[in-house]
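Comments concern the structure below.
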Amino acid sequence: MEIIKKIASNIDEELEDAQKYIDCAIKEKDKHPTLAELYFKLSNEEMKHADMLHEEVVRIIAEYKKSNEVPPAMQAVYDYIHEREMEWASKIKYKQDHFR
(Lines give C-alpha, C1' and ligand atoms only; values in the text may rest on other atoms or scores of the structure.)
Protein backbone atom coordinates (compact mmCIF):
# COMPACT_ATOMS: atom_id res chain seq x y z
CA MET A 1 0.00 0.00 0.00
CA GLU A 2 1.33 3.38 -1.00
CA ILE A 3 -0.10 5.08 2.11
CA ILE A 4 1.97 2.82 4.39
CA LYS A 5 5.11 3.81 2.50
CA LYS A 6 4.25 7.50 2.91
CA ILE A 7 3.53 7.20 6.63
CA ALA A 8 6.72 5.17 7.20
CA SER A 9 8.64 8.00 5.55
CA ASN A 10 6.88 10.51 7.82
CA ILE A 11 7.78 8.42 10.88
CA ASP A 12 11.41 8.37 9.78
CA GLU A 13 11.36 12.18 9.53
CA GLU A 14 9.94 12.48 13.05
CA LEU A 15 12.54 10.06 14.42
CA GLU A 16 15.33 11.97 12.67
CA ASP A 17 14.15 15.19 14.31
CA ALA A 18 13.72 13.55 17.72
CA GLN A 19 17.25 12.20 17.48
CA LYS A 20 18.64 15.54 16.31
CA TYR A 21 17.01 17.39 19.20
CA ILE A 22 18.04 14.96 21.94
CA ASP A 23 21.60 15.00 20.65
CA CYS A 24 21.52 18.83 20.79
CA ALA A 25 20.08 18.68 24.31
CA ILE A 26 22.88 16.43 25.48
CA LYS A 27 25.51 18.63 23.83
CA GLU A 28 24.16 21.87 25.36
CA LYS A 29 23.23 20.48 28.79
CA ASP A 30 26.18 21.95 30.69
CA LYS A 31 26.78 25.24 28.84
CA HIS A 32 23.19 26.19 28.01
CA PRO A 33 20.77 24.31 30.29
CA THR A 34 17.69 26.32 29.27
CA LEU A 35 18.37 25.67 25.60
CA ALA A 36 19.05 22.02 26.41
CA GLU A 37 15.63 21.77 28.09
CA LEU A 38 14.01 23.24 24.98
CA TYR A 39 15.77 20.70 22.77
CA PHE A 40 14.69 17.94 25.16
CA LYS A 41 11.05 19.06 24.93
CA LEU A 42 11.26 19.26 21.14
CA SER A 43 12.69 15.74 21.01
CA ASN A 44 9.79 14.46 23.10
CA GLU A 45 7.26 16.23 20.88
CA GLU A 46 8.76 14.65 17.77
CA MET A 47 8.49 11.23 19.43
CA LYS A 48 4.81 11.93 20.12
CA HIS A 49 4.35 12.70 16.43
CA ALA A 50 6.06 9.44 15.47
CA ASP A 51 3.84 7.54 17.92
CA MET A 52 0.68 9.14 16.50
CA LEU A 53 1.71 8.20 12.96
CA HIS A 54 2.52 4.66 14.09
CA GLU A 55 -0.92 4.29 15.66
CA GLU A 56 -2.46 5.36 12.37
CA VAL A 57 -0.45 2.80 10.40
CA VAL A 58 -1.60 0.08 12.78
CA ARG A 59 -5.21 1.21 12.35
CA ILE A 60 -4.97 1.29 8.54
CA ILE A 61 -3.42 -2.17 8.41
CA ALA A 62 -6.01 -3.62 10.79
CA GLU A 63 -8.79 -2.15 8.66
CA TYR A 64 -7.20 -3.56 5.50
CA LYS A 65 -6.88 -7.02 7.06
CA LYS A 66 -10.63 -7.14 7.74
CA SER A 67 -11.37 -7.61 4.04
CA ASN A 68 -8.02 -8.49 2.44
CA GLU A 69 -5.26 -10.99 2.87
CA VAL A 70 -1.88 -9.32 3.27
CA PRO A 71 0.62 -10.71 0.76
CA PRO A 72 3.63 -12.31 2.49
CA ALA A 73 6.08 -9.99 0.73
CA MET A 74 4.15 -6.92 1.90
CA GLN A 75 4.05 -8.25 5.46
CA ALA A 76 7.78 -8.96 5.38
CA VAL A 77 8.57 -5.42 4.27
CA TYR A 78 6.27 -3.95 6.91
CA ASP A 79 7.80 -6.14 9.61
CA TYR A 80 11.32 -5.03 8.62
CA ILE A 81 10.42 -1.33 8.60
CA HIS A 82 8.49 -1.63 11.85
CA GLU A 83 11.35 -3.41 13.64
CA ARG A 84 13.88 -0.85 12.38
CA GLU A 85 11.75 2.07 13.52
CA MET A 86 11.06 0.50 16.92
CA GLU A 87 14.78 -0.09 17.51
CA TRP A 88 15.56 3.48 16.46
CA ALA A 89 12.83 4.88 18.71
CA SER A 90 14.12 2.78 21.60
CA LYS A 91 17.60 4.28 21.24
CA ILE A 92 16.15 7.80 21.21
CA LYS A 93 14.00 7.08 24.27
CA TYR A 94 17.05 5.73 26.07
CA LYS A 95 18.86 9.03 25.48
CA GLN A 96 15.80 10.96 26.59
CA ASP A 97 15.47 8.89 29.76
CA HIS A 98 19.10 9.52 30.64
CA PHE A 99 19.17 13.21 29.75
CA ARG A 100 18.34 14.35 33.24
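Quick note on naming: the chains in the C-alpha coordinates go A, B, ... in the order shown, residues restart at 1 in each chain, and ligands are numbered from 1 in order of appearance.
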
Practice item. Just the residues within 12 Å of Asp97 in chain A, please, counting only C-alpha atoms, with nothing from its chain fewer than 3 positions along; format it as JSON, numbers by chain. Key: {"A": [22, 26, 40, 43, 44, 90, 91, 92, 93, 94, 100]}

Exercise for review: Would you please work out which residue, of A:Met1, A:Glu85, A:Ala36, A:His98, is nearest to Leu53 in chain A when using only C-alpha atoms?
Suggested key: A:Glu85

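In this model, the gap between CA of Phe99 in chain A and CA of His32 in chain A comes to 13.7 Å.
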
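Restricting the calculation to only C-alpha atoms, the smallest distance between Met47 in chain A and any of A:Glu2, A:Gln19, A:Ala8, A:Tyr78 is found for A:Gln19.
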
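If only C-alpha atoms are the atoms counted, then among A:Asp17, A:Asp12, A:Glu56, A:Glu63 the closest residue to Tyr39 in chain A is A:Asp17.
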
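Comparing the minimum interatomic distances between Lys5 in chain A and each of A:Val70, A:Ala25, A:Ala62, A:Val77, counting only C-alpha atoms, we find that A:Val77 sits nearest.
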